[in-house]
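J.: The structure file entry08.txt (compact mmCIF, C-alpha atoms and all ligand atoms) is provided below.
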# COMPACT_ATOMS: atom_id res chain seq x y z
CA LEU A 1 83.62 8.81 201.48
CA LYS A 2 84.02 8.88 197.76
CA ALA A 3 86.52 11.38 196.47
CA ILE A 4 86.70 12.26 192.79
CA ALA A 5 89.26 10.33 190.81
CA GLY A 6 92.78 11.26 191.73
CA ALA A 7 91.85 13.48 194.67
CA PRO A 8 93.78 12.89 197.87
CA ALA A 9 92.29 9.96 199.74
CA ALA A 10 92.17 11.79 203.04
CA ILE A 11 90.15 14.96 202.98
CA PRO A 12 91.69 17.52 205.32
CA ALA A 13 89.27 18.85 207.88
CA ILE A 14 88.73 22.55 207.69
CA GLY A 15 89.09 24.31 211.02
CA ALA A 16 87.15 27.44 211.75
CA ALA A 17 85.02 27.31 208.62
CA GLY A 18 83.85 23.93 209.80
CA ALA A 19 81.10 23.58 207.28
CA VAL A 20 83.18 21.57 204.86
CA ILE A 21 83.76 18.68 207.28
CA GLY A 22 81.60 15.81 206.26
CA MET A 23 80.98 17.16 202.78
CA PRO A 24 83.82 15.53 200.90
CA HIS A 25 82.26 16.03 197.50
CA ILE A 26 83.03 19.74 197.63
CA ALA A 27 86.42 19.29 199.21
CA ARG A 28 88.22 19.68 195.93
CA ALA A 29 87.04 21.97 193.19
CA ALA A 30 88.51 21.59 189.73
CA GLU A 31 91.06 24.22 188.79
CA TYR A 32 89.60 24.52 185.32
CA GLU A 33 85.86 24.24 184.85
CA LEU A 34 85.06 24.03 181.17
CA LYS A 35 81.50 24.34 179.94
CA TYR A 36 80.45 22.47 176.81
CA GLY A 37 77.09 23.25 175.21
CA ASN A 38 75.24 21.61 172.33
CA ASN A 39 71.78 21.17 170.88
CA LEU A 40 71.28 17.41 171.23
CA PRO A 41 69.90 15.09 173.92
CA MET A 42 72.35 12.98 175.96
CA THR A 43 71.32 9.89 173.97
CA HIS A 44 72.95 11.08 170.74
CA PRO A 45 76.49 9.70 170.13
CA LEU A 46 77.82 13.25 170.25
CA ASN A 47 76.95 13.47 173.94
CA VAL A 48 77.59 9.82 174.76
CA ARG A 49 81.17 10.19 173.52
CA ALA A 50 81.63 13.70 174.95
CA GLN A 51 80.61 12.33 178.34
CA GLN A 52 83.25 9.61 178.05
CA ALA A 53 85.83 12.21 177.07
CA ALA A 54 84.87 14.32 180.10
CA GLU A 55 85.37 11.32 182.40
CA ARG A 56 88.74 10.54 180.86
CA ILE A 57 89.82 14.17 181.19
CA ALA A 58 88.85 14.27 184.88
CA LYS A 59 90.80 11.11 185.51
CA GLU A 60 93.92 11.96 183.54
CA SER A 61 94.09 15.48 184.94
CA ASN A 62 93.63 14.22 188.50
CA GLY A 63 90.48 16.24 188.81
CA LYS A 64 92.11 19.51 187.75
CA VAL A 65 90.00 19.82 184.62
CA GLU A 66 86.26 19.35 184.73
CA VAL A 67 84.17 19.39 181.56
CA LYS A 68 80.52 20.05 182.24
CA ILE A 69 78.03 19.26 179.47
CA PHE A 70 74.95 21.40 178.83
CA PRO A 71 72.98 19.36 176.24
CA ASN A 72 69.67 19.93 174.51
CA ASN A 73 69.81 23.68 173.88
CA GLN A 74 69.86 24.36 177.64
CA LEU A 75 72.01 27.42 176.94
CA GLY A 76 70.03 28.59 173.92
CA GLY A 77 69.98 27.75 170.23
CA ASP A 78 73.01 27.36 167.98
CA THR A 79 73.30 31.07 167.27
CA ASP A 80 73.33 31.84 171.01
CA MET A 81 75.92 29.17 171.76
CA LEU A 82 78.12 30.37 168.93
CA SER A 83 78.24 33.86 170.43
CA GLN A 84 78.80 32.44 173.93
CA VAL A 85 81.79 30.42 172.80
CA ARG A 86 83.19 33.55 171.15
CA SER A 87 82.76 35.65 174.28
CA GLY A 88 84.08 32.93 176.58
CA GLY A 89 80.82 32.32 178.45
CA LEU A 90 81.05 28.85 176.98
CA THR A 91 84.36 26.99 176.56
CA PHE A 92 83.30 24.35 174.03
CA PHE A 93 80.61 24.09 171.39
CA THR A 94 80.06 21.69 168.49
CA PRO A 95 78.32 23.56 165.71
CA SER A 96 77.51 21.83 162.48
CA ALA A 97 79.79 23.06 159.70
CA LEU A 98 76.75 24.79 158.24
CA VAL A 99 76.25 26.80 161.41
CA ILE A 100 79.85 27.84 162.12
CA ALA A 101 79.92 29.07 158.52
CA THR A 102 77.82 32.07 159.58
CA LEU A 103 81.07 33.20 161.23
CA VAL A 104 83.70 31.45 159.09
CA PRO A 105 82.18 31.21 155.59
CA VAL A 106 84.64 28.69 154.18
CA ALA A 107 83.60 26.19 156.87
CA ALA A 108 80.54 25.37 154.78
CA ILE A 109 82.65 23.93 151.99
CA ASN A 110 82.04 20.32 153.02
CA ALA A 111 78.33 20.99 152.63
CA VAL A 112 78.31 21.81 148.92
CA GLY A 113 75.33 19.91 147.58
CA PHE A 114 75.96 16.41 146.19
CA ALA A 115 79.74 16.83 146.44
CA PHE A 116 80.80 13.94 148.71
CA SER A 117 79.56 10.52 147.75
CA ASP A 118 80.99 8.39 150.57
CA TYR A 119 82.86 8.44 153.87
CA ASP A 120 86.20 7.55 152.28
CA GLN A 121 86.08 10.81 150.38
CA VAL A 122 84.85 12.69 153.45
CA TRP A 123 87.53 11.68 155.94
CA LYS A 124 90.34 11.84 153.44
CA ALA A 125 89.42 15.47 152.79
CA MET A 126 88.48 16.54 156.31
CA ASP A 127 91.43 14.82 158.02
CA GLY A 128 93.62 16.14 155.22
CA LYS A 129 94.16 19.38 153.36
CA LEU A 130 90.58 20.62 153.16
CA GLY A 131 90.06 20.19 156.90
CA ALA A 132 93.37 21.92 157.65
CA HIS A 133 92.32 24.84 155.45
CA VAL A 134 89.05 25.25 157.38
CA ARG A 135 90.71 24.86 160.81
CA ASN A 136 93.10 27.60 159.92
CA ALA A 137 90.20 29.89 159.00
CA ILE A 138 88.48 29.04 162.29
CA SER A 139 91.61 29.97 164.24
CA LYS A 140 91.51 33.45 162.67
CA VAL A 141 88.27 34.35 164.47
CA GLY A 142 89.70 33.60 167.90
CA LEU A 143 88.45 30.03 168.18
CA TYR A 144 90.42 26.82 168.45
CA ALA A 145 89.17 23.84 166.42
CA PHE A 146 90.19 20.36 167.52
CA GLU A 147 91.85 18.33 164.82
CA LYS A 148 89.23 15.65 164.33
CA MET A 149 85.82 16.61 163.07
CA TRP A 150 82.89 14.70 164.55
CA ASP A 151 80.22 13.21 162.30
CA ASN A 152 76.70 14.52 161.95
CA GLY A 153 76.03 12.35 158.91
CA PHE A 154 74.77 12.60 155.37
CA ARG A 155 71.70 14.80 155.36
CA GLN A 156 68.41 13.33 154.12
CA MET A 157 65.13 15.05 153.32
CA THR A 158 61.85 14.37 155.07
CA SER A 159 58.44 15.66 154.04
CA GLY A 160 54.84 15.59 155.16
CA ASP A 161 52.63 15.57 152.06
CA LYS A 162 54.42 13.70 149.31
CA PRO A 163 57.73 11.93 148.84
CA ILE A 164 60.63 13.65 147.11
CA THR A 165 61.77 11.41 144.28
CA THR A 166 63.30 13.79 141.74
CA ALA A 167 64.36 17.44 141.73
CA ALA A 168 60.97 18.34 140.23
CA ASP A 169 59.35 17.46 143.56
CA MET A 170 61.25 20.32 145.17
CA ASN A 171 59.32 23.03 143.34
CA GLY A 172 57.77 25.40 145.86
CA LEU A 173 58.42 23.02 148.76
CA LYS A 174 58.49 24.84 152.09
CA ILE A 175 61.53 23.29 153.71
CA ARG A 176 63.30 24.15 156.94
CA VAL A 177 67.06 24.47 156.63
CA PRO A 178 69.67 25.47 159.24
CA VAL A 179 70.76 29.08 159.64
CA SER A 180 73.07 28.74 156.67
CA PRO A 181 73.44 30.86 153.52
CA LEU A 182 74.71 27.83 151.60
CA SER A 183 71.62 25.77 152.48
CA ILE A 184 69.33 28.61 151.47
CA ALA A 185 71.12 29.04 148.14
CA MET A 186 71.12 25.34 147.43
CA PHE A 187 67.43 24.80 148.11
CA LYS A 188 66.51 27.91 146.16
CA GLY A 189 68.59 26.52 143.33
CA LEU A 190 66.53 23.35 143.53
CA GLY A 191 63.34 25.42 143.21
CA ALA A 192 62.19 25.05 146.83
CA ALA A 193 61.12 27.75 149.29
CA PRO A 194 63.63 27.27 152.13
CA ALA A 195 63.37 28.94 155.53
CA SER A 196 66.21 29.16 158.06
CA LEU A 197 65.22 28.17 161.58
CA GLN A 198 67.23 27.19 164.65
CA PHE A 199 67.43 23.45 165.21
CA SER A 200 65.51 23.90 168.46
CA GLU A 201 62.47 25.00 166.42
CA VAL A 202 62.39 22.21 163.86
CA TYR A 203 59.89 19.92 165.54
CA SER A 204 57.35 22.63 166.34
CA SER A 205 57.61 24.28 162.92
CA LEU A 206 56.78 20.94 161.26
CA GLN A 207 54.02 20.23 163.73
CA THR A 208 52.34 23.59 163.17
CA ARG A 209 52.96 23.34 159.41
CA ILE A 210 54.99 26.52 159.19
CA VAL A 211 57.11 24.31 156.93
CA ASP A 212 56.31 20.99 155.22
CA ALA A 213 59.75 19.46 155.05
CA GLN A 214 63.18 19.47 156.66
CA GLU A 215 66.55 17.80 156.08
CA ASN A 216 68.86 16.16 158.62
CA PRO A 217 70.88 12.96 159.04
CA LEU A 218 68.94 9.85 160.12
CA PRO A 219 70.29 9.74 163.70
CA ILE A 220 69.02 13.32 164.21
CA ILE A 221 65.63 12.48 162.70
CA GLN A 222 65.45 9.72 165.27
CA VAL A 223 66.62 11.52 168.45
CA ALA A 224 64.56 14.62 167.64
CA LYS A 225 61.51 12.38 166.96
CA LEU A 226 60.84 14.05 163.63
CA PHE A 227 59.09 10.86 162.46
CA GLU A 228 56.16 12.01 164.60
CA VAL A 229 55.60 15.02 162.36
CA GLN A 230 56.79 13.74 158.94
CA LYS A 231 55.65 10.93 156.62
CA TYR A 232 58.35 10.47 153.99
CA CYS A 233 62.09 10.25 153.99
CA SER A 234 64.16 10.58 150.82
CA LEU A 235 67.66 9.19 151.15
CA SER A 236 69.08 12.01 149.11
CA ASN A 237 72.51 12.16 150.84
CA HIS A 238 72.55 15.71 149.55
CA ILE A 239 75.07 17.13 152.06
CA TRP A 240 77.73 15.55 154.21
CA ASP A 241 77.63 17.40 157.50
CA GLY A 242 80.04 17.27 160.42
CA PHE A 243 80.58 19.03 163.71
CA TRP A 244 83.59 21.17 164.46
CA PHE A 245 84.54 20.73 168.11
CA ILE A 246 85.58 24.27 168.93
CA ALA A 247 86.94 26.06 171.99
CA ASN A 248 87.10 29.67 173.01
CA GLY A 249 90.63 30.71 172.01
CA ARG A 250 91.55 32.47 175.27
CA ALA A 251 90.23 29.65 177.44
CA TRP A 252 92.20 27.17 175.35
CA LYS A 253 95.43 29.16 175.60
CA GLY A 254 94.81 29.50 179.34
CA LEU A 255 95.18 25.76 179.84
CA PRO A 256 98.72 24.60 180.65
CA PRO A 257 100.28 22.55 177.81
CA ASP A 258 100.06 19.25 179.68
CA MET A 259 96.34 19.81 180.27
CA GLN A 260 95.85 20.82 176.63
CA THR A 261 97.37 17.50 175.60
CA ILE A 262 95.07 15.55 177.92
CA VAL A 263 91.98 17.41 176.69
CA ALA A 264 92.88 17.25 172.99
CA ASN A 265 93.69 13.53 173.09
CA ALA A 266 90.46 12.72 174.89
CA ILE A 267 88.31 14.82 172.57
CA ASN A 268 89.96 13.68 169.33
CA ASP A 269 89.77 10.02 170.35
CA ALA A 270 86.12 10.43 171.35
CA GLY A 271 85.47 12.02 167.96
CA MET A 272 86.94 9.02 166.18
CA ALA A 273 84.72 6.69 168.19
CA GLN A 274 81.71 8.92 167.53
CA ARG A 275 82.32 8.64 163.77
CA GLY A 276 82.02 4.88 164.14
CA ASP A 277 78.78 5.24 166.11
CA ILE A 278 77.13 7.33 163.40
CA LYS A 279 78.22 4.94 160.69
CA THR A 280 76.65 2.05 162.60
CA LEU A 281 73.51 4.04 163.37
CA ASN A 282 73.07 5.00 159.72
CA GLN A 283 72.62 1.32 159.02
CA SER A 284 70.37 0.43 161.95
CA VAL A 285 68.18 3.49 162.33
CA LYS A 286 66.33 3.18 159.04
CA ALA A 287 64.43 0.07 160.09
CA ASP A 288 63.50 1.72 163.36
CA LEU A 289 62.21 4.83 161.60
CA GLU A 290 60.24 2.65 159.18
CA SER A 291 58.59 0.89 162.08
CA LYS A 292 57.64 4.31 163.42
CA GLY A 293 55.84 5.18 160.20
CA LEU A 294 58.32 6.87 157.88
CA THR A 295 58.17 5.72 154.25
CA PHE A 296 61.58 5.68 152.54
CA ASN A 297 62.72 6.13 148.98
CA GLN A 298 66.15 6.55 147.42
CA PRO A 299 66.29 9.18 144.67
CA SER A 300 69.13 9.31 142.18
CA PRO A 301 71.28 12.44 142.65
CA ASP A 302 71.35 13.12 138.89
CA SER A 303 68.30 15.36 138.51
CA PHE A 304 69.31 17.34 141.59
CA ARG A 305 72.86 17.90 140.42
CA ALA A 306 71.67 18.89 136.97
CA LYS A 307 69.22 21.42 138.38
CA LEU A 308 71.88 22.94 140.63
CA ARG A 309 74.28 23.21 137.72
CA GLU A 310 71.64 24.84 135.60
CA ALA A 311 70.88 27.31 138.40
CA GLY A 312 74.56 28.28 138.49
CA PHE A 313 74.89 27.06 142.08
CA TYR A 314 78.32 25.46 141.72
CA ALA A 315 79.79 28.34 139.75
CA GLU A 316 78.52 30.85 142.28
CA TRP A 317 79.87 28.99 145.32
CA LYS A 318 83.18 28.33 143.68
CA GLY A 319 83.51 32.09 143.49
CA ARG A 320 82.43 32.57 147.08
CA PHE A 321 84.71 29.95 148.59
CA GLY A 322 87.64 30.96 146.40
CA ASP A 323 89.85 28.90 144.09
CA GLU A 324 92.08 27.49 146.82
CA ALA A 325 89.32 25.94 148.94
CA TRP A 326 87.33 24.88 145.90
CA GLY A 327 90.42 23.24 144.42
CA LEU A 328 90.88 21.19 147.61
CA LEU A 329 87.25 20.13 147.49
CA GLU A 330 87.48 19.05 143.86
CA GLU A 331 90.72 17.23 144.63
CA ALA A 332 88.65 15.09 146.98
CA VAL A 333 85.40 14.63 145.05
CA GLY A 334 86.14 15.35 141.41
CA LYS A 335 85.07 18.22 139.18
CA LEU A 336 81.90 20.04 140.22
CA ALA A 337 81.83 23.36 138.40
C1 LIG A 401 70.49 21.61 162.00
C2 LIG A 401 71.86 21.14 162.34
C3 LIG A 401 71.77 19.81 162.98
C4 LIG A 401 72.83 19.71 164.00
C5 LIG A 401 72.56 18.69 165.06
C6 LIG A 401 71.20 18.72 165.60
O1 LIG A 401 69.76 20.96 161.28
O2 LIG A 401 72.72 21.12 161.29
O3 LIG A 401 71.90 18.80 162.03
O4 LIG A 401 73.02 20.92 164.63
O5 LIG A 401 73.42 18.91 166.11
O6 LIG A 401 70.21 22.67 162.50
Starting from the coordinates I provided, produce the structure as structure tokens.
Ligand code: TF8
T.:
Amino acid sequence: LKAIAGAPAAIPAIGAAGAVIGMPHIARAAEYELKYGNNLPMTHPLNVRAQQAAERIAKESNGKVEVKIFPNNQLGGDTDMLSQVRSGGLTFFTPSALVIATLVPVAAINAVGFAFSDYDQVWKAMDGKLGAHVRNAISKVGLYAFEKMWDNGFRQMTSGDKPITTAADMNGLKIRVPVSPLSIAMFKGLGAAPASLQFSEVYSSLQTRIVDAQENPLPIIQVAKLFEVQKYCSLSNHIWDGFWFIANGRAWKGLPPDMQTIVANAINDAGMAQRGDIKTLNQSVKADLESKGLTFNQPSPDSFRAKLREAGFYAEWKGRFGDEAWGLLEEAVGKLA
């Protein structure tokens, strides 16, 4: 007999109902069953670390809280999961900042093109005032955002026909971007022809040549096997992207405070470990992708930034995000507009 961690060692026999005798694994149901959905396979650090957090939560709550992971778009694409976490059908979801911004516009602020240049800047801002500003905005739409953002990575461009070496190579390029107004505006500003598609459609849209290019961090390019349908990768680092680990507000408030503490500690700690995983992967994955046929180049950000400035991109988004949020961003990365 193997009871779940913390469950009573002896499983009481059930009299008249009988059926439960001999089926110890259903002898104790969790009091709180929390569903977590995301769009990545279990091999990505997001799920590896979430799985560890789920195990820790089960153990520390003595089996009262069970977190069940639904990876790989099992519950639908990002847009579906975002509405499920709002309605409560889903307890947890980890949208990219770009995606949650369809609901909370200021959440896209970390994704302003060519703003962050390294992780020191990123975590200082997102663990500091800029992150607090965004979390507060997320709380206003009935969602709870855990304190620590998880890392998606710096986004890089991949293409099928020719490498992207300067901003001039962007002209007319059909590039898939997430469902994100900021991404659309930025790539239009660069002269490209961006199209918003769910992440679940990226591989097939490249394969069928609906689009010629896409942009994502290297670990995503690897787990989604995009090297099979792309030839070039430009290490443009054009956006730093992270995941907000969010919860349905009512479900979160419905957890007793001691359980909230257990869950929050496990998730925030897992997030910190996941940041380390992505940093390590960023260094190791390139060689692997090269061996699988991707040709890399490293463009200078200068021509891209200049083109965005010329297109009025920074001035426009400063207006959209507002002076307060923009001020916090510039405090972290220096003057942009
Ligand atoms: C996108 C997203 C992705 C993430 C990741 C797959 O490109 O931003 O980078 O959602 O979880 O749609």
J.: Between chain A and ligand LIG 401 (chain A), at 10 Å or less, what are the per-residue closest atom pairs and their distances in Å? Count only C-alpha atoms and all ligand atoms, order by chain and rising residue number, and return it as CSV.
T.:
residue,atom,partner,partner_atom,distance
A:Asn38,CA,A:LIG401,O5,7.0
A:Asn39,CA,A:LIG401,O5,5.5
A:Leu40,CA,A:LIG401,O5,5.7
A:Pro41,CA,A:LIG401,C6,9.2
A:His44,CA,A:LIG401,O5,9.1
A:Leu46,CA,A:LIG401,O5,8.3
A:Asn72,CA,A:LIG401,C6,9.1
A:Asn73,CA,A:LIG401,C6,9.8
A:Gly77,CA,A:LIG401,O6,9.3
A:Asp78,CA,A:LIG401,O4,7.3
A:Thr94,CA,A:LIG401,O5,7.6
A:Pro95,CA,A:LIG401,O4,6.0
A:Ser96,CA,A:LIG401,O2,5.0
A:Ala97,CA,A:LIG401,O2,7.5
A:Leu98,CA,A:LIG401,O2,6.2
A:Val99,CA,A:LIG401,O2,6.7
A:Ile100,CA,A:LIG401,O2,9.8
A:Asp151,CA,A:LIG401,O5,9.7
A:Asn152,CA,A:LIG401,O3,6.4
A:Gly153,CA,A:LIG401,O3,8.3
A:Phe154,CA,A:LIG401,O3,9.5
A:Arg155,CA,A:LIG401,O3,7.8
A:Arg176,CA,A:LIG401,O1,8.4
A:Val177,CA,A:LIG401,O1,6.4
A:Pro178,CA,A:LIG401,O6,4.3
A:Val179,CA,A:LIG401,O6,7.0
A:Ser180,CA,A:LIG401,O6,8.9
A:Ser196,CA,A:LIG401,O6,8.8
A:Leu197,CA,A:LIG401,O6,7.5
A:Gln198,CA,A:LIG401,O6,5.8
A:Phe199,CA,A:LIG401,O6,4.0
A:Ser200,CA,A:LIG401,O6,7.7
A:Glu201,CA,A:LIG401,O6,9.0
A:Val202,CA,A:LIG401,O1,7.9
A:Gln214,CA,A:LIG401,O1,8.2
A:Glu215,CA,A:LIG401,O1,6.9
A:Asn216,CA,A:LIG401,O3,5.3
A:Pro217,CA,A:LIG401,O3,6.6
A:Leu218,CA,A:LIG401,O3,9.6
A:Pro219,CA,A:LIG401,C6,9.2
A:Ile220,CA,A:LIG401,C6,6.0
A:Ile221,CA,A:LIG401,C6,8.9
A:Val223,CA,A:LIG401,C6,9.0
A:Ala224,CA,A:LIG401,C6,8.1
A:Asp241,CA,A:LIG401,O2,7.2
A:Gly242,CA,A:LIG401,O2,8.3
A:Phe243,CA,A:LIG401,O5,7.6
J.: To one decimal place in Å, what is the distance between CA of Arg49 (chain A) and CA of Ser61 (chain A)?
T.: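 Distance between the two atoms: 18.0 Å.
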J.: Can you work out the spacing between CA of Val211 (chain A) and CA of Lys279 (chain A) in Å, to one decimal?
T.: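 Straight-line distance from CA of Val211 (chain A) to CA of Lys279 (chain A) works out to 28.9 Å.
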J.: Could you work out how far CA of Ile109 (chain A) lies from CA of Gly189 (chain A), giving the answer in Å with one decimal?
T.: 16.7 Å
J.: Pick out the closest residue to Leu255 (chain A) from this set: A:Val65, A:Leu308, A:Ala195, A:Val104. Count all atoms listed in the file.
T.: A:Val65
J.: Considering all atoms listed in the file, return as a ChimeraX atom specification whatever protein or nucleic-acid residues lie within 10 Å of region 248-250 of chain A, sequence-local ones (same chain, fewer than 6 positions apart) excluded.
T.: /A:82,84-93,139-145
J.: Determine, counting only C-alpha atoms, which protein, DNA and RNA residues have an atom within 9 Å of an atom of Glu31 (chain A); residues of the same chain fewer than 6 positions away are not included. Present the result as a list in words.
T.: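 Final neighbour list, sorted by chain and number: Gly63, Lys64, Val65 and Glu66 of chain A.
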J.: Which polymer residues, whether protein, DNA or RNA, lie within 9 Å of the coordinate (56.0, 15.1, 163.2) when you count only C-alpha atoms? List them as a ChimeraX atom specification, using the chain letters and numbers from the file.
T.: /A:160,203-204,206-207,225-231
J.: When distances are computed from all atoms listed in the file, which of A:Gln52, A:Asn171, A:Asn237, A:Ser159 shows the smallest separation from Ile267 (chain A)?
T.: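 Using all atoms listed in the file, the shortest distance to Ile267 (chain A) belongs to A:Gln52.
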J.: Counting only C-alpha atoms, what is within 10 Å of Asp288 (chain A), bar same-chain residues fewer than 5 positions away, as number ranges by chain?
T.: A: 222, 293-294
J.: Just want the 12 Å neighbourhood of Glu324 (chain A), counted on all atoms listed in the file, with same-chain residues fewer than 3 positions away dropped. Output as a list in words.
T.: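 In the requested format, the answer is Val106, Ile109, Lys129, Leu130, His133, Val134, Lys318, Gly319, Arg320, Phe321, Gly327, Leu328, Leu329, Glu330 and Glu331 of chain A.
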J.: Any idea what's packed within 12 Å of region 58-60 of chain A, counting all atoms listed in the file, ignoring anything in its chain fewer than 5 positions away? Could you give it as a PyMOL selection string?
T.: chain A and resi 3-7+29-34+51-53+65-68+258-266
J.: Given only C-alpha atoms as the basis, pick out the residue of A:Ala325, A:Ile57, A:Met157, A:Ala311 nearest to Lys188 (chain A).
T.: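 Once distances to Lys188 (chain A) are computed over only C-alpha atoms, the minimum belongs to A:Ala311.
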